[in-house]
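The data block below is entry.txt; it holds compact mmCIF, C-alpha atoms.
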# COMPACT_ATOMS: atom_id res chain seq x y z
CA MET S 5 51.15 28.99 -23.99
CA ALA S 6 53.34 27.36 -26.61
CA ALA S 7 55.16 24.12 -26.03
CA ARG S 8 58.64 24.55 -24.58
CA LYS S 9 61.69 22.81 -25.89
CA ARG S 10 63.49 20.65 -23.36
CA LYS S 11 67.22 20.02 -23.25
CA THR S 12 68.50 16.48 -23.52
CA ALA S 13 68.82 14.96 -20.06
CA TYR S 14 71.37 12.47 -18.76
CA THR S 15 68.81 10.70 -16.59
CA THR S 16 68.66 6.95 -17.14
CA PHE S 17 65.11 5.63 -17.11
CA GLY S 18 62.80 2.81 -18.09
CA SER S 19 59.06 2.44 -18.51
CA ARG S 20 56.39 -0.13 -19.24
CA THR S 21 52.59 -0.36 -19.35
CA ASP S 22 50.43 -3.48 -19.50
CA VAL S 23 46.69 -4.10 -19.76
CA GLY S 24 46.85 -6.73 -16.99
CA CYS S 25 44.96 -10.03 -16.81
CA VAL S 26 41.36 -8.85 -16.29
CA ARG S 27 40.72 -5.63 -18.24
CA ASP S 28 40.20 -5.82 -22.02
CA HIS S 29 41.73 -2.40 -22.73
CA ASN S 30 44.34 -0.08 -21.22
CA GLU S 31 43.13 3.18 -19.68
CA ASP S 32 46.63 4.21 -18.51
CA SER S 33 48.76 6.76 -20.40
CA LEU S 34 52.30 7.95 -19.79
CA VAL S 35 54.92 10.47 -20.89
CA VAL S 36 58.63 9.69 -20.85
CA ALA S 37 60.34 12.86 -22.12
CA PRO S 38 63.22 13.61 -19.71
CA PRO S 39 63.26 15.56 -17.55
CA LEU S 40 59.45 15.16 -17.66
CA PHE S 41 57.76 11.93 -16.54
CA VAL S 42 53.96 11.50 -16.26
CA VAL S 43 51.59 8.63 -15.39
CA CYS S 44 47.80 8.99 -15.75
CA ASP S 45 45.22 6.31 -14.88
CA GLY S 46 41.91 6.94 -16.66
CA MET S 47 38.48 6.41 -15.12
CA GLY S 48 35.01 6.24 -16.62
CA GLY S 49 34.92 2.99 -18.54
CA HIS S 50 35.67 2.02 -22.11
CA ALA S 51 36.04 4.91 -24.58
CA ALA S 52 36.19 7.38 -21.68
CA GLY S 53 38.97 6.60 -19.20
CA GLU S 54 41.56 6.20 -21.94
CA VAL S 55 40.35 9.43 -23.58
CA ALA S 56 40.75 11.37 -20.34
CA SER S 57 44.25 10.01 -19.61
CA GLU S 58 45.40 10.62 -23.20
CA ILE S 59 44.17 14.23 -23.13
CA ALA S 60 45.95 14.76 -19.81
CA VAL S 61 49.36 13.51 -20.92
CA ARG S 62 49.22 15.45 -24.20
CA VAL S 63 48.35 18.74 -22.49
CA ILE S 64 50.93 18.29 -19.75
CA GLU S 65 53.67 17.37 -22.23
CA ASN S 66 52.92 20.53 -24.24
CA ARG S 67 52.47 22.85 -21.27
CA ALA S 68 55.05 21.63 -18.75
CA PRO S 69 58.04 23.90 -18.12
CA ALA S 70 61.47 23.15 -19.51
CA HIS S 71 63.00 23.12 -16.02
CA ALA S 72 62.04 22.02 -12.51
CA ASP S 73 59.48 24.74 -11.70
CA VAL S 74 56.78 23.27 -9.45
CA GLU S 75 54.29 26.13 -9.90
CA GLU S 76 54.40 25.93 -13.69
CA LEU S 77 54.12 22.14 -13.58
CA GLY S 78 51.05 22.50 -11.37
CA GLN S 79 49.55 24.96 -13.86
CA ALA S 80 50.08 22.42 -16.66
CA VAL S 81 48.13 19.83 -14.65
CA GLU S 82 45.34 22.37 -14.01
CA GLU S 83 45.12 23.05 -17.76
CA ALA S 84 44.86 19.30 -18.38
CA ASN S 85 41.93 19.19 -15.95
CA LEU S 86 40.09 21.93 -17.85
CA ALA S 87 40.85 20.28 -21.20
CA ILE S 88 39.21 17.03 -20.05
CA ILE S 89 36.10 18.88 -18.85
CA ARG S 90 35.84 20.73 -22.19
CA ALA S 91 36.27 17.49 -24.13
CA ALA S 92 33.41 15.85 -22.24
CA HIS S 93 31.12 18.80 -22.96
CA GLU S 94 32.08 18.64 -26.65
CA GLY S 95 31.21 14.94 -26.88
CA ARG S 96 34.73 13.50 -26.83
CA GLY S 97 34.69 10.62 -24.39
CA ARG S 98 31.73 11.02 -22.07
CA GLU S 99 30.48 13.06 -19.12
CA GLY S 100 32.02 11.93 -15.85
CA MET S 101 35.27 10.68 -17.35
CA GLY S 102 38.42 11.50 -15.45
CA THR S 103 41.95 10.45 -14.67
CA THR S 104 44.51 10.40 -11.92
CA CYS S 105 47.82 12.14 -12.62
CA THR S 106 51.33 12.12 -11.22
CA ALA S 107 53.66 14.44 -13.16
CA ALA S 108 57.32 14.91 -12.23
CA ILE S 109 60.31 16.83 -13.51
CA LEU S 110 63.66 15.35 -12.47
CA GLU S 111 66.45 17.79 -13.28
CA ASN S 112 69.88 16.90 -11.95
CA GLU S 113 69.38 16.82 -8.16
CA ARG S 114 66.03 18.62 -8.11
CA LEU S 115 62.64 16.87 -8.23
CA VAL S 116 59.25 18.58 -8.48
CA ILE S 117 55.89 16.75 -8.56
CA ALA S 118 52.26 17.69 -9.26
CA GLN S 119 49.80 14.95 -8.25
CA VAL S 120 46.06 14.22 -8.26
CA GLY S 121 44.38 10.89 -7.41
CA ASP S 122 46.00 7.64 -6.31
CA SER S 123 48.79 7.21 -8.87
CA ARG S 124 51.94 7.44 -6.78
CA ALA S 125 55.53 8.65 -6.74
CA TYR S 126 58.15 6.85 -4.63
CA LEU S 127 61.83 7.55 -3.95
CA LEU S 128 64.32 4.80 -3.18
CA SER S 129 67.22 6.41 -1.32
CA LYS S 130 70.01 4.47 0.42
CA GLY S 131 67.91 1.32 0.31
CA ARG S 132 64.83 2.92 1.90
CA LEU S 133 61.60 3.35 -0.06
CA GLN S 134 59.52 6.45 0.69
CA GLN S 135 56.09 7.29 -0.76
CA LEU S 136 56.34 10.93 -1.81
CA THR S 137 52.69 11.54 -2.72
CA ARG S 138 49.46 11.14 -0.76
CA ASP S 139 46.55 9.22 -2.26
CA HIS S 140 43.40 11.24 -2.87
CA SER S 141 41.12 8.35 -1.98
CA LEU S 142 38.48 7.40 0.55
CA MET S 143 40.76 4.66 1.92
CA ALA S 144 43.61 7.12 2.55
CA ASP S 145 41.20 9.41 4.43
CA LEU S 146 39.87 6.55 6.57
CA ILE S 147 43.36 5.24 7.35
CA GLU S 148 44.64 8.69 8.37
CA ALA S 149 41.55 9.17 10.57
CA GLY S 150 42.29 5.85 12.28
CA HIS S 151 39.00 4.25 11.26
CA ILE S 152 40.57 1.32 9.35
CA THR S 153 44.01 -0.26 8.91
CA LYS S 154 45.97 -0.64 5.67
CA GLU S 155 45.14 -4.36 5.68
CA GLU S 156 41.40 -3.64 6.03
CA ALA S 157 41.60 -1.08 3.21
CA LYS S 158 42.80 -3.77 0.78
CA VAL S 159 39.46 -5.63 1.04
CA HIS S 160 37.14 -2.71 1.75
CA PRO S 161 34.12 -2.59 -0.65
CA GLN S 162 34.80 1.10 -1.37
CA ARG S 163 38.54 0.75 -1.90
CA SER S 164 38.32 2.15 -5.47
CA VAL S 165 36.69 5.48 -4.50
CA ILE S 166 38.84 8.46 -5.58
CA THR S 167 38.22 11.81 -3.84
CA ARG S 168 40.10 14.01 -6.34
CA ALA S 169 40.75 13.51 -10.07
CA LEU S 170 41.27 15.47 -13.27
CA GLY S 171 37.99 16.07 -15.10
CA SER S 172 35.67 16.30 -12.09
CA ASP S 173 35.96 19.92 -10.86
CA PRO S 174 37.17 23.00 -12.80
CA ARG S 175 38.55 24.40 -9.51
CA MET S 176 40.64 21.31 -8.80
CA LEU S 177 44.20 21.96 -7.59
CA PRO S 178 46.99 19.36 -7.57
CA ASP S 179 49.25 18.64 -4.62
CA LEU S 180 52.72 20.09 -5.27
CA PHE S 181 56.03 18.73 -3.96
CA GLU S 182 59.62 20.06 -4.16
CA ILE S 183 62.33 17.60 -3.15
CA ASP S 184 66.13 17.62 -3.15
CA VAL S 185 67.49 14.25 -4.31
CA ASN S 186 70.95 12.72 -4.50
CA PRO S 187 72.90 10.81 -7.17
CA GLY S 188 72.08 7.14 -6.75
CA ASP S 189 68.46 7.76 -5.72
CA ARG S 190 65.76 6.12 -7.83
CA LEU S 191 62.36 7.63 -8.68
CA LEU S 192 59.31 5.41 -9.26
CA ILE S 193 56.03 6.70 -10.71
CA CYS S 194 53.21 4.17 -11.07
CA SER S 195 49.47 3.63 -11.41
CA ASP S 196 47.57 1.80 -8.68
CA GLY S 197 47.67 -1.37 -10.79
CA LEU S 198 51.14 -1.87 -9.29
CA THR S 199 50.48 -0.85 -5.68
CA THR S 200 47.29 -2.92 -5.32
CA MET S 201 49.14 -6.05 -6.43
CA LEU S 202 52.49 -5.61 -4.65
CA SER S 203 53.39 -4.42 -1.16
CA ASP S 204 55.85 -1.56 -0.65
CA GLU S 205 58.37 -4.14 0.59
CA GLU S 206 58.10 -6.16 -2.62
CA ILE S 207 58.42 -3.01 -4.72
CA ALA S 208 61.49 -1.89 -2.77
CA GLN S 209 63.20 -5.26 -3.25
CA ILE S 210 62.79 -5.16 -7.03
CA LEU S 211 63.93 -1.52 -7.23
CA ALA S 212 67.01 -2.25 -5.13
CA ARG S 213 68.17 -5.46 -6.82
CA THR S 214 67.71 -4.43 -10.49
CA PRO S 215 70.27 -1.79 -11.57
CA ASP S 216 68.98 -1.33 -15.12
CA PRO S 217 65.87 0.92 -14.97
CA GLN S 218 64.20 -0.57 -18.07
CA LEU S 219 64.65 -4.12 -16.79
CA CYS S 220 63.44 -2.93 -13.38
CA ALA S 221 60.27 -1.46 -14.90
CA ARG S 222 59.62 -4.72 -16.75
CA GLN S 223 60.11 -6.82 -13.62
CA LEU S 224 57.77 -4.63 -11.57
CA VAL S 225 55.01 -4.98 -14.19
CA ASN S 226 55.61 -8.72 -14.56
CA ALA S 227 55.36 -9.15 -10.80
CA ALA S 228 52.05 -7.26 -10.68
CA VAL S 229 50.64 -9.28 -13.58
CA GLY S 230 51.87 -12.50 -11.99
CA ALA S 231 50.11 -11.56 -8.75
CA GLY S 232 46.77 -11.34 -10.56
CA GLY S 233 46.96 -8.23 -12.73
CA TYR S 234 43.46 -7.08 -11.76
CA ASP S 235 44.06 -3.61 -13.25
CA ASN S 236 46.18 -1.89 -15.90
CA VAL S 237 49.78 -1.52 -14.72
CA THR S 238 52.05 1.41 -15.67
CA VAL S 239 55.54 2.03 -14.29
CA ILE S 240 58.30 4.62 -14.85
CA VAL S 241 61.70 4.17 -13.18
CA ALA S 242 64.21 7.05 -13.38
CA ASP S 243 67.66 7.26 -11.78
CA VAL S 244 69.04 10.46 -10.29
CA THR S 245 72.32 11.40 -11.95
CA GLY S 246 73.23 14.90 -10.75
CA PHE S 247 75.84 17.47 -11.87
CA THR S 248 78.88 15.58 -10.57
CA GLU S 249 78.05 12.37 -12.38
CA VAL S 250 77.25 14.21 -15.62
CA ARG S 251 80.62 15.97 -15.63
CA ARG S 252 82.46 12.74 -14.90
CA ARG S 253 80.76 11.01 -17.81
CA LYS S 254 81.64 13.83 -20.20
CA LEU S 255 85.33 13.76 -19.25
CA THR S 256 85.50 9.98 -19.47
CA ARG S 257 83.86 10.01 -22.88
CA LYS S 258 86.34 12.57 -24.29
CA THR S 259 89.47 10.80 -23.06
CA ARG S 260 88.40 7.41 -24.46
CA ILE S 261 87.51 8.37 -28.01
CA THR S 262 90.46 6.82 -29.83
CA ALA S 263 90.60 4.31 -32.64
CA PHE S 264 91.79 1.53 -30.34
CA PHE S 265 88.99 1.99 -27.86
CA ILE S 266 86.35 2.38 -30.56
CA LEU S 267 87.37 -0.94 -32.09
CA ALA S 268 87.53 -2.58 -28.68
CA LEU S 269 84.15 -1.14 -27.79
CA LEU S 270 82.61 -2.44 -31.00
CA ALA S 271 83.96 -5.90 -30.31
CA ALA S 272 82.67 -5.76 -26.75
CA ILE S 273 79.25 -4.61 -27.92
CA ILE S 274 78.99 -7.48 -30.39
CA ALA S 275 80.06 -10.00 -27.76
CA ALA S 276 77.73 -8.49 -25.19
CA ALA S 277 74.84 -8.51 -27.65
CA VAL S 278 75.37 -12.19 -28.40
CA TYR S 279 75.74 -13.03 -24.73
CA GLY S 280 72.79 -10.83 -23.77
CA PHE S 281 70.59 -12.40 -26.42
CA ASN S 282 71.52 -15.92 -25.30
CA PHE S 283 71.08 -15.00 -21.64
CA ALA S 284 67.71 -13.34 -22.31
CA SER S 285 66.57 -16.36 -24.31
CA ASP S 286 67.55 -18.74 -21.50
CA HIS S 287 65.91 -16.60 -18.79
CA SER S 288 62.76 -15.52 -20.61
CA ALA S 289 59.50 -17.28 -21.31
CA TYR S 290 55.97 -16.57 -22.40
CA LEU S 291 52.56 -18.21 -22.44
CA MET S 292 50.50 -18.68 -25.63
CA GLU S 293 47.43 -20.59 -26.73
CA GLN S 294 48.15 -23.74 -28.74
CA ASP S 295 45.51 -26.28 -29.75
CA GLY S 296 43.16 -24.79 -27.15
CA LYS S 297 45.67 -25.30 -24.30
CA VAL S 298 48.08 -23.01 -22.44
CA ALA S 299 51.57 -23.55 -23.89
CA ILE S 300 54.83 -22.46 -22.24
CA TYR S 301 57.57 -21.25 -24.60
CA GLN S 302 61.13 -20.69 -23.42
CA GLY S 303 63.03 -17.82 -25.01
CA LEU S 304 62.15 -14.48 -26.54
CA GLN S 305 58.91 -13.96 -28.40
CA GLY S 306 59.18 -13.27 -32.14
CA GLU S 307 62.05 -13.74 -34.58
CA MET S 308 65.60 -12.42 -34.96
CA LEU S 309 67.19 -12.37 -38.40
CA GLY S 310 64.35 -14.55 -39.63
CA LEU S 311 64.96 -17.22 -37.01
CA SER S 312 62.76 -18.12 -34.08
CA SER S 313 64.34 -17.27 -30.71
CA SER S 314 62.10 -19.53 -28.65
CA HIS S 315 60.94 -23.13 -28.43
CA LEU S 316 57.98 -25.01 -26.95
CA TYR S 317 58.83 -25.95 -23.37
CA ASP S 318 55.53 -27.53 -22.28
CA LEU S 319 51.99 -27.91 -23.62
CA THR S 320 49.98 -27.89 -20.39
CA ASP S 321 46.61 -29.46 -19.62
CA VAL S 322 45.01 -26.07 -18.88
CA ALA S 323 42.25 -25.22 -21.37
CA VAL S 324 42.29 -21.58 -22.47
CA ASP S 325 38.46 -21.50 -22.61
CA ASP S 326 38.35 -22.22 -18.85
CA LEU S 327 40.27 -19.02 -18.02
CA GLN S 328 39.00 -15.49 -17.47
CA PRO S 329 38.10 -13.77 -20.79
CA GLY S 330 40.83 -11.13 -20.45
CA VAL S 331 43.54 -13.73 -19.83
CA ALA S 332 42.25 -16.00 -22.60
CA ASN S 333 42.25 -13.10 -25.08
CA ARG S 334 45.87 -12.21 -24.27
CA LEU S 335 46.96 -15.83 -24.65
CA ARG S 336 45.33 -16.02 -28.09
CA THR S 337 46.76 -12.71 -29.34
CA ASP S 338 49.88 -11.18 -27.76
CA GLY S 339 50.80 -13.85 -25.22
CA ILE S 340 51.88 -13.24 -21.62
CA LYS S 341 55.59 -12.62 -21.00
CA VAL S 342 57.22 -13.82 -17.78
CA ASP S 343 60.75 -14.01 -16.37
CA GLY S 344 61.68 -17.63 -17.06
CA VAL S 345 60.00 -21.02 -17.15
CA GLU S 346 59.70 -21.21 -13.35
CA ALA S 347 57.57 -18.07 -13.35
CA ALA S 348 55.57 -19.50 -16.26
CA GLU S 349 54.93 -22.76 -14.41
CA ALA S 350 53.89 -20.84 -11.30
CA LEU S 351 51.43 -18.78 -13.35
CA VAL S 352 49.99 -21.97 -14.91
CA ASP S 353 49.61 -23.47 -11.42
CA SER S 354 47.62 -20.39 -10.38
CA TYR S 355 45.39 -20.92 -13.42
CA ARG S 356 44.79 -24.55 -12.36
CA ALA S 357 43.89 -23.47 -8.84
CA GLU S 358 41.49 -20.83 -10.16
CA ILE S 359 39.78 -23.32 -12.49
CA ALA S 360 39.52 -25.96 -9.73
CA ALA S 361 37.93 -23.44 -7.36
CA LYS S 362 35.41 -22.44 -10.03
CA GLN S 363 34.53 -26.06 -10.80
CA GLN S 364 34.12 -26.87 -7.09
CA ALA S 365 31.79 -23.91 -6.65
CA GLU S 366 29.71 -25.06 -9.62
CA ALA S 367 29.57 -28.61 -8.25
CA ASP S 368 28.46 -27.35 -4.84
CA GLN S 369 25.71 -25.30 -6.46
CA GLN S 370 24.51 -28.30 -8.50
CA ALA S 371 24.50 -30.57 -5.44
CA ALA S 372 22.49 -28.01 -3.48
CA ALA S 373 20.00 -27.73 -6.32
CA GLU S 374 19.57 -31.50 -6.55
CA GLU S 375 19.11 -31.78 -2.78
CA ALA S 376 16.43 -29.10 -2.87
CA LYS S 377 14.68 -30.86 -5.76
CA THR S 378 14.66 -34.20 -3.89
CA ALA S 379 13.25 -32.58 -0.78
CA LYS S 380 10.51 -30.90 -2.80
CA GLU S 381 9.53 -34.19 -4.49
CA ALA S 382 9.36 -35.91 -1.09
CA ASP S 383 7.10 -33.18 0.26
CA GLU S 384 4.78 -33.43 -2.76
CA ALA S 385 4.59 -37.23 -2.45
CA GLY S 386 3.64 -37.00 1.22
CA ALA S 387 0.95 -34.45 0.46
CA SER S 388 -0.68 -36.75 -2.14
CA VAL S 389 -0.90 -39.75 0.27
CA THR S 390 -2.60 -37.98 3.18
CA PRO S 391 -6.00 -37.18 1.48
CA SER S 392 -6.41 -40.83 0.32
CA ALA S 393 -5.93 -42.12 3.84
CA GLN S 394 -8.50 -39.70 5.22
CA GLY S 395 -11.03 -40.79 2.53
CA GLY S 396 -10.77 -44.46 3.68
CA ASP S 397 -11.61 -43.53 7.30
CA ALA S 398 -14.74 -41.66 6.19
CA GLN S 399 -16.24 -44.83 4.58
I'd like the structure from this file rewritten - as structure tokens, please.
Amino acid sequence: MAARKRKTAYTTFGSRTDVGCVRDHNEDSLVVAPPLFVVCDGMGGHAAGEVASEIAVRVIENRAPAHADVEELGQAVEEANLAIIRAAHEGRGREGMGTTCTAAILENERLVIAQVGDSRAYLLSKGRLQQLTRDHSLMADLIEAGHITKEEAKVHPQRSVITRALGSDPRMLPDLFEIDVNPGDRLLICSDGLTTMLSDEEIAQILARTPDPQLCARQLVNAAVGAGGYDNVTVIVADVTGFTEVRRRKLTRKTRITAFFILALLAAIIAAAVYGFNFASDHSAYLMEQDGKVAIYQGLQGEMLGLSSSHLYDLTDVAVDDLQPGVANRLRTDGIKVDGVEAAEALVDSYRAEIAAKQQAEADQQAAAEEAKTAKEADEAGASVTPSAQGGDAQ
């Protein structure tokens, strides 16, 4: 089946993916091609998970329907599953690789979803967040059966076990959902790197308070990374527009295209750009390695018009070599972006606490070893004295 051309959509959306603080590579893949949105979270280790997720998003993007047809979207996901299995047999990636998948088509006020695994789709409607998909995981099965609670699932030793994924079974079928949505609703699609770090309540608060979808996606990822970032994090945020809103925008655009408004708009854009740049610089920060320490920079990373848009705010006492390898590597290369110096200082404080806990554990181990050594030496000394005393009695 040939790829189908999609019409330009009026949906406003934002997306972001991040490797997190622990992993050294990103196994997540995504598609943002309105009205199609896809998130895949690869499994199978380095050079396998990312292969599986990349195959999935490419096949789905090429095979997905042009409109909100849930059966055809499900067939595209099934074809992605078979493509991953074929790739493993042909030596691309490795046997056993797989990926989760949540694919959605948001067309006006119609939403269809095809889902496999534990990547999720949520809908924020009238301030209430609803999980639209069901996790295909051992934890979800145990919770639904009443064997464990959601709190117990967060620390369960088998919390990462997935019961259904692309690449594992040629007969695999995705769950399909058809939903009517309303203008003003907000769709969230994410990998479990977000939902294992943030509660639904925290996610709902960020979705509700951040009107711009791109900024919202960035803040969700930053929050997950700031909470530990134990996994790759991928987020897509899309706003429901609908027929009524589209027509209103078209009429407004036609009536305002005059020379006066164009000039006024240009002036406003320039002023807004300057203000936005200054505001972003004042409310942005990032962490980098400098002279072996964690340095906090206030402002935007990189240069604008050949000029630096940030400055050194604080060179901390935290040694980069004392941090986890994944975090240390990011600090030495790309840096870690955060929302302001307060968030940066909080992240540095968490690093200090982590280092202190590690040092205390090492000290406790050393003390225990020394205590055991002393006890052993005392036992050996006592054993050497006893035979001598018995020899004296015999004479």
For the point (59.4, -3.3, -1.6) in file coordinates, what residues are within 12 Å, counting all atoms listed in the file? Give the answer as a PDB file with C-alpha atoms, in the coordinates of the input?
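Result file follows (result.pdb):
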ATOM      1  CA  TYR S 126      58.150   6.850  -4.630  1.00  0.00           C
ATOM      2  CA  LEU S 127      61.830   7.550  -3.950  1.00  0.00           C
ATOM      3  CA  LEU S 128      64.320   4.800  -3.180  1.00  0.00           C
ATOM      4  CA  GLY S 131      67.910   1.320   0.310  1.00  0.00           C
ATOM      5  CA  ARG S 132      64.830   2.920   1.900  1.00  0.00           C
ATOM      6  CA  LEU S 133      61.600   3.350  -0.060  1.00  0.00           C
ATOM      7  CA  GLN S 134      59.520   6.450   0.690  1.00  0.00           C
ATOM      8  CA  GLN S 135      56.090   7.290  -0.760  1.00  0.00           C
ATOM      9  CA  LEU S 192      59.310   5.410  -9.260  1.00  0.00           C
ATOM     10  CA  LEU S 198      51.140  -1.870  -9.290  1.00  0.00           C
ATOM     11  CA  THR S 199      50.480  -0.850  -5.680  1.00  0.00           C
ATOM     12  CA  MET S 201      49.140  -6.050  -6.430  1.00  0.00           C
ATOM     13  CA  LEU S 202      52.490  -5.610  -4.650  1.00  0.00           C
ATOM     14  CA  SER S 203      53.390  -4.420  -1.160  1.00  0.00           C
ATOM     15  CA  ASP S 204      55.850  -1.560  -0.650  1.00  0.00           C
ATOM     16  CA  GLU S 205      58.370  -4.140   0.590  1.00  0.00           C
ATOM     17  CA  GLU S 206      58.100  -6.160  -2.620  1.00  0.00           C
ATOM     18  CA  ILE S 207      58.420  -3.010  -4.720  1.00  0.00           C
ATOM     19  CA  ALA S 208      61.490  -1.890  -2.770  1.00  0.00           C
ATOM     20  CA  GLN S 209      63.200  -5.260  -3.250  1.00  0.00           C
ATOM     21  CA  ILE S 210      62.790  -5.160  -7.030  1.00  0.00           C
ATOM     22  CA  LEU S 211      63.930  -1.520  -7.230  1.00  0.00           C
ATOM     23  CA  ALA S 212      67.010  -2.250  -5.130  1.00  0.00           C
ATOM     24  CA  ARG S 213      68.170  -5.460  -6.820  1.00  0.00           C
ATOM     25  CA  LEU S 224      57.770  -4.630 -11.570  1.00  0.00           C
ATOM     26  CA  ALA S 227      55.360  -9.150 -10.800  1.00  0.00           C
TER      27      ALA S 227
END
**Spatial sel., origin (69.1, 18.8, -9.4), limit 8 Å, only C-alpha atoms, listed as a PyMOL selection string** = chain S and resi 110-115+184-185+246-247
**Asked** Could you name the residues that touch Leu40 in chain S at 9 Å or less, counting only C-alpha atoms, but leaving out those on the same chain fewer than 3 positions away, as a PyMOL selection string?
**Response** chain S and resi 10+35-37+65+68-72+107-111
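The interatomic distance for the pair CA of Ile193 in chain S and CA of Gln119 in chain S works out to 10.6 Å.
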12 Å contact set for Val81 in chain S, only C-alpha atoms, chain neighbours under 6 positions out, as a PDB file with C-alpha atoms, in the frame of the given file:
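Contents of out-v7.pdb, freshly written:
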ATOM      1  CA  VAL S  42      53.960  11.500 -16.260  1.00  0.00           C
ATOM      2  CA  VAL S  43      51.590   8.630 -15.390  1.00  0.00           C
ATOM      3  CA  CYS S  44      47.800   8.990 -15.750  1.00  0.00           C
ATOM      4  CA  SER S  57      44.250  10.010 -19.610  1.00  0.00           C
ATOM      5  CA  ILE S  59      44.170  14.230 -23.130  1.00  0.00           C
ATOM      6  CA  ALA S  60      45.950  14.760 -19.810  1.00  0.00           C
ATOM      7  CA  VAL S  61      49.360  13.510 -20.920  1.00  0.00           C
ATOM      8  CA  ARG S  62      49.220  15.450 -24.200  1.00  0.00           C
ATOM      9  CA  VAL S  63      48.350  18.740 -22.490  1.00  0.00           C
ATOM     10  CA  ILE S  64      50.930  18.290 -19.750  1.00  0.00           C
ATOM     11  CA  GLU S  65      53.670  17.370 -22.230  1.00  0.00           C
ATOM     12  CA  ASN S  66      52.920  20.530 -24.240  1.00  0.00           C
ATOM     13  CA  ARG S  67      52.470  22.850 -21.270  1.00  0.00           C
ATOM     14  CA  ALA S  68      55.050  21.630 -18.750  1.00  0.00           C
ATOM     15  CA  PRO S  69      58.040  23.900 -18.120  1.00  0.00           C
ATOM     16  CA  VAL S  74      56.780  23.270  -9.450  1.00  0.00           C
ATOM     17  CA  GLU S  75      54.290  26.130  -9.900  1.00  0.00           C
ATOM     18  CA  ALA S  87      40.850  20.280 -21.200  1.00  0.00           C
ATOM     19  CA  ILE S  88      39.210  17.030 -20.050  1.00  0.00           C
ATOM     20  CA  THR S 103      41.950  10.450 -14.670  1.00  0.00           C
ATOM     21  CA  THR S 104      44.510  10.400 -11.920  1.00  0.00           C
ATOM     22  CA  CYS S 105      47.820  12.140 -12.620  1.00  0.00           C
ATOM     23  CA  THR S 106      51.330  12.120 -11.220  1.00  0.00           C
ATOM     24  CA  ALA S 107      53.660  14.440 -13.160  1.00  0.00           C
ATOM     25  CA  ALA S 108      57.320  14.910 -12.230  1.00  0.00           C
ATOM     26  CA  ILE S 117      55.890  16.750  -8.560  1.00  0.00           C
ATOM     27  CA  ALA S 118      52.260  17.690  -9.260  1.00  0.00           C
ATOM     28  CA  GLN S 119      49.800  14.950  -8.250  1.00  0.00           C
ATOM     29  CA  VAL S 120      46.060  14.220  -8.260  1.00  0.00           C
ATOM     30  CA  ALA S 169      40.750  13.510 -10.070  1.00  0.00           C
ATOM     31  CA  LEU S 170      41.270  15.470 -13.270  1.00  0.00           C
ATOM     32  CA  GLY S 171      37.990  16.070 -15.100  1.00  0.00           C
ATOM     33  CA  PRO S 174      37.170  23.000 -12.800  1.00  0.00           C
ATOM     34  CA  ARG S 175      38.550  24.400  -9.510  1.00  0.00           C
ATOM     35  CA  MET S 176      40.640  21.310  -8.800  1.00  0.00           C
ATOM     36  CA  LEU S 177      44.200  21.960  -7.590  1.00  0.00           C
ATOM     37  CA  PRO S 178      46.990  19.360  -7.570  1.00  0.00           C
ATOM     38  CA  ASP S 179      49.250  18.640  -4.620  1.00  0.00           C
ATOM     39  CA  LEU S 180      52.720  20.090  -5.270  1.00  0.00           C
TER      40      LEU S 180
END
Go through range 121-234 of chain S residue by residue and, counting only C-alpha atoms, keep those with an atom at most 10 Å from range 324-346 of chain S; for each kept residue give the shortest atom pair and its distance in Å to one decimal, ordered by chain and increasing number, as a tab-separated table.
residue	atom	partner	partner_atom	distance
S:Arg222	CA	S:Asp343	CA	9.4
S:Gln223	CA	S:Asp343	CA	7.7
S:Val225	CA	S:Val342	CA	9.8
S:Asn226	CA	S:Val342	CA	6.2
S:Ala227	CA	S:Val342	CA	8.6
S:Val229	CA	S:Val342	CA	9.0
S:Gly230	CA	S:Val342	CA	8.0
S:Gly233	CA	S:Val331	CA	9.6
S:Tyr234	CA	S:Gly330	CA	9.9
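CA of Glu349 in chain S is found 11.0 Å from CA of Leu319 in chain S.
For the pair CA of Gln302 in chain S and CA of His287 in chain S, the separation is 7.8 Å.
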